[in-house]
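Colleague: For reference, the structure I am asking about is given below.
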Amino acid sequence: MVHIRQLDPTASPLDYFGFELRRKREEAGLTLKQLGAILFCSGSLIGQIETTLKVPTRDFAERLDAALMTDGMFSRLVGLVLRSQLPTWFQPYADMESKATYISTYQCQVVYGLLQTKDYARALLATGQPDNLDELVAARMERQRILQREQPPLTLVVLDEAVLHRPIGGRKVMRQQLLHLLSLKNERWIRLQVLPFGVGEHVSLAGSFNVLRFDSDPDIVYTEDLISGHMTANPETIREATLRYAGLQGAALSVEDSAELIKRVLEERYGQHPGTGQRPVA
């Protein structure tokens with residue numbers, strides 16, 4: 001007799017997804033193999049997702065909704081599933097980030113998570129040697145969906161010039177990442193500035209930080225240390241962070257000049273003329 005693992009749908013979003021997948025599949029009278037054939041994947045993969053051994057992707061959830069005619073249920077649920085794959089200490093911030101009306105961020109080491117390409121994110125996350133790298137990358141890409149909303153948060157980004165020069169993932173990955181940053185120039189809801197090396201000492205030498213603003217909730221400042229993140233709504237901290245961010249914006253290059261600097265770094269360090277897709281001739 002085949003042992004069928006019983007799931008507790010209240011245990012986690014992943015357990016709930018697997019429970020509902022099995023229930024809807026059985027309601028449709030489909031075996032694992034039959035549903036796999038419809039979704040162009042193996043029945044084994046379906047079984048692994050049903051039993052929480054695999055984490056579903058958004059593409060899988062969307063195809064599942066179409067196959068089982070579940071009116072977007074799995075597409076809505078997969079966001080919760082992927083967010084649950086984030087480190088426990090980071091999940092509260094990701095939840096607040098998804099609700100923010102305004103995001104202001106200064107990053108001195110790496111590109112802000114909402115603006116990372118998939119390959120850049122993978123190379124960055126791999127440095128922590130996680131066992132669930134694929135899931136972490138998928139979760140980071142899922143976070144970026146807030147920028148695709150009809151009314152996304154106004155996102156103000158200041159990147160230290162060092163971010164442009166640090167070759168995360170190697171030259172090819174960095175070329176694509178910088179091209180992606182350039183593609184954001186005309187996005188109405190994103191304002192990207194670069195703090196150049198020439199500024200020297202500045203108001204946030206202590207490190208990166210984010211300020212989140214909401215329509216009806218108190219502002220939040222978020223910072224990270226070596227192993228965790230910290231959020232606070234302390235009014236004095238908010239005031240200080242806001243003042244420092246204004247200083248960073250004032251010291252940074254304009255959006256237009258920042259784009260020109262990114263283009264120059266892209267050509268000089270990563271060997272590509274922006275807009276042509278061709279390597280420069282020496």
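In the structure tokens, chains take the letters A, B, ... in the order shown, each chain's residues start at 1, and ligands count up from 1 in the order shown.
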Residues at most 7 Å from segment 44-57 of chain A, counting only C-alpha atoms, excluding those fewer than 3 positions away in the same chain, as a PyMOL selection string?

Modeller: chain A and resi 5+14-15+18-19+21-22+32+36+41+60-61+135

Colleague: As a PyMOL selection string, please: every residue in segment 3-224 of chain A that DSSP puts in strand (DSSP E).

Modeller: chain A and resi 102-107+154-160+190-195+209-213+220-224

Colleague: Considering only C-alpha atoms, give me a table of residues in segment 147-256 of chain A that are at most 6 Å from segment 95-119 of chain A, with the closest atom pair and distance in Å for each, as a tab-separated table.

Modeller:
residue	atom	partner	partner_atom	distance
A:Pro153	CA	A:Thr101	CA	4.5
A:Leu154	CA	A:Tyr102	CA	4.7
A:Thr155	CA	A:Ile103	CA	4.7
A:Leu156	CA	A:Ser104	CA	4.7
A:Val157	CA	A:Thr105	CA	5.1
A:Val158	CA	A:Tyr106	CA	4.8
A:Leu159	CA	A:Gln107	CA	5.0
A:Asp160	CA	A:Cys108	CA	4.8
A:Val163	CA	A:Val110	CA	5.1
A:Gln177	CA	A:Thr117	CA	5.8
A:Ser208	CA	A:Gln107	CA	4.8
A:Phe209	CA	A:Tyr106	CA	5.6
A:Asn210	CA	A:Thr105	CA	4.3
A:Val211	CA	A:Ser104	CA	5.1
A:Leu212	CA	A:Ile103	CA	4.9
A:Arg213	CA	A:Tyr102	CA	4.9
A:Phe214	CA	A:Thr101	CA	4.9

Colleague: Can you list every residue of segment 166-192 of chain A that has an atom at most 10 Å from segment 260-263 of chain A, with its nearest atom pair and the distance in Å to one decimal, using only C-alpha atoms, ordered by chain then number, as a Markdown table?

Modeller:
| residue | atom | partner | partner_atom | distance |
| --- | --- | --- | --- | --- |
| A:Leu178 | CA | A:Ile262 | CA | 6.7 |
| A:Leu179 | CA | A:Lys263 | CA | 8.2 |
| A:Leu181 | CA | A:Ile262 | CA | 8.1 |
| A:Leu182 | CA | A:Ile262 | CA | 7.3 |

Colleague: Write out the residues from the selection above, keeping all heavy atoms, as a compact mmCIF listing (two decimals), in the first residue's frame.

Modeller:
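Once everything was written out, this is part-v4.txt:
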# COMPACT_ATOMS: atom_id res chain seq x y z
N LEU A 178 24.07 46.46 -14.75
CA LEU A 178 24.18 47.90 -15.01
C LEU A 178 23.24 48.32 -16.14
O LEU A 178 22.67 49.42 -16.10
CB LEU A 178 25.62 48.27 -15.33
CG LEU A 178 26.63 48.08 -14.19
CD1 LEU A 178 27.99 48.67 -14.58
CD2 LEU A 178 26.14 48.71 -12.90
N LEU A 179 23.09 47.47 -17.15
CA LEU A 179 22.12 47.77 -18.21
C LEU A 179 20.71 47.85 -17.63
O LEU A 179 19.90 48.69 -18.05
CB LEU A 179 22.20 46.71 -19.31
CG LEU A 179 23.41 46.79 -20.23
CD1 LEU A 179 23.50 45.55 -21.11
CD2 LEU A 179 23.36 48.05 -21.09
N LEU A 181 19.96 48.77 -14.57
CA LEU A 181 19.85 50.04 -13.86
C LEU A 181 19.60 51.19 -14.83
O LEU A 181 18.79 52.08 -14.57
CB LEU A 181 21.12 50.31 -13.06
CG LEU A 181 21.40 49.37 -11.88
CD1 LEU A 181 22.70 49.77 -11.18
CD2 LEU A 181 20.25 49.35 -10.88
N LEU A 182 20.27 51.15 -15.97
CA LEU A 182 20.05 52.19 -16.98
C LEU A 182 18.63 52.16 -17.52
O LEU A 182 18.05 53.21 -17.81
CB LEU A 182 21.04 52.02 -18.13
CG LEU A 182 22.48 52.43 -17.86
CD1 LEU A 182 23.38 52.06 -19.03
CD2 LEU A 182 22.59 53.92 -17.56

Colleague: So that I can check the secondary structure, give me every residue of segment 6-253 of chain A assigned helix (DSSP H, G or I) by backbone DSSP, as a PyMOL selection string.

Modeller: chain A and resi 13-27+32-39+43-50+58-68+73-83+91-99+113-115+118-126+133-148+161-165+171-183+197-199+235-251

Colleague: Set the distance at 12 Å and use only C-alpha atoms: which residues neighbour Ser84 of chain A once local chain neighbours fewer than 5 positions away are removed? I'd like the list as a CSV table (one decimal) with C-alpha atoms, in the first residue's frame.

Modeller:
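Final file, result.csv:
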chain,number,residue,atom,x,y,z
A,11,ALA,CA,1.5,24.7,9.4
A,12,SER,CA,2.9,27.1,6.8
A,13,PRO,CA,2.0,28.7,3.4
A,14,LEU,CA,4.0,25.9,1.7
A,15,ASP,CA,1.9,23.2,3.5
A,16,TYR,CA,-1.3,25.1,2.6
A,17,PHE,CA,-0.2,25.3,-1.1
A,55,VAL,CA,8.8,25.1,-3.5
A,56,PRO,CA,6.5,26.1,-6.4
A,77,LEU,CA,-1.0,32.0,-2.8
A,78,VAL,CA,2.5,31.5,-4.3
A,79,GLY,CA,3.5,35.0,-3.2
A,89,TRP,CA,14.5,37.8,10.5
A,90,PHE,CA,13.9,39.4,7.1
A,91,GLN,CA,10.2,38.5,6.6
A,92,PRO,CA,8.8,41.3,8.8
A,94,ALA,CA,9.6,42.3,3.4
A,95,ASP,CA,6.0,42.5,4.6
A,135,GLU,CA,14.1,29.4,-3.3
A,136,LEU,CA,15.9,32.5,-2.0
A,138,ALA,CA,12.8,33.2,-6.3
A,139,ALA,CA,11.7,35.0,-3.2
A,140,ARG,CA,13.9,38.0,-4.0
A,142,GLU,CA,8.9,37.9,-6.0
A,143,ARG,CA,9.7,41.0,-3.8

Colleague: If I take atom CA of Val255 of chain A and atom CA of Lys185 of chain A, how far is one from the other in Å, to one decimal?

Modeller: 7.4 Å

Colleague: Give the answer as one residue: which of A:Leu195, A:Ala123, A:Met141, A:Val265 has the shortest atom-to-atom distance to Arg83 of chain A, using only C-alpha atoms?

Modeller: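 So, comparing all the options, the nearest one is A:Met141.
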
Colleague: Write out as a PyMOL selection string the residues lying within 12 Å of Glu27 of chain A, counting only C-alpha atoms and excluding same-chain residues fewer than 6 positions away.

Modeller: chain A and resi 20-21+35+68-70

Colleague: I need the residues from that last selection saved to file as a PDB file, in the first residue's frame (with N, CA and C atoms), if you can.

Modeller:
ATOM      1  N   GLU A  20      -3.770  22.274  -0.874  1.00  0.00           N
ATOM      2  CA  GLU A  20      -4.758  22.713  -1.862  1.00  0.00           C
ATOM      3  C   GLU A  20      -4.474  22.128  -3.241  1.00  0.00           C
ATOM      4  N   LEU A  21      -3.203  21.976  -3.585  1.00  0.00           N
ATOM      5  CA  LEU A  21      -2.848  21.370  -4.863  1.00  0.00           C
ATOM      6  C   LEU A  21      -3.364  19.934  -4.928  1.00  0.00           C
ATOM      7  N   LEU A  35      -1.581  15.265 -14.400  1.00  0.00           N
ATOM      8  CA  LEU A  35      -1.450  16.704 -14.218  1.00  0.00           C
ATOM      9  C   LEU A  35      -0.084  17.187 -14.690  1.00  0.00           C
ATOM     10  N   LEU A  68      -6.244  23.879 -13.760  1.00  0.00           N
ATOM     11  CA  LEU A  68      -7.301  23.436 -12.849  1.00  0.00           C
ATOM     12  C   LEU A  68      -8.449  24.438 -12.738  1.00  0.00           C
ATOM     13  N   MET A  69      -8.334  25.548 -13.490  1.00  0.00           N
ATOM     14  CA  MET A  69      -9.378  26.586 -13.514  1.00  0.00           C
ATOM     15  C   MET A  69      -9.728  27.038 -12.089  1.00  0.00           C
ATOM     16  N   THR A  70      -8.695  27.474 -11.367  1.00  0.00           N
ATOM     17  CA  THR A  70      -8.866  27.858  -9.966  1.00  0.00           C
ATOM     18  C   THR A  70      -8.907  29.370  -9.763  1.00  0.00           C
TER      19      THR A  70
END

Colleague: How many Å separate atom CA of Ile168 of chain A from atom CA of Arg269 of chain A?

Modeller: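 Answer for the atom CA of Ile168 of chain A to atom CA of Arg269 of chain A separation: 12.7 Å.
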
Colleague: Between atom CA of Arg25 of chain A and atom CA of Val81 of chain A, what is the distance in Å, rounded to a tenth?

Modeller: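 Taking atom CA of Arg25 of chain A and atom CA of Val81 of chain A, their separation equals 18.8 Å.
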
Colleague: Considering only C-alpha atoms, state which residue in the set A:Pro9, A:Pro196, A:Pro218, A:Gly271 is at the smallest distance from Ala233 of chain A.

Modeller: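 Going through A:Pro9, A:Pro196, A:Pro218, A:Gly271 one by one, the smallest distance to Ala233 of chain A is for A:Pro218.
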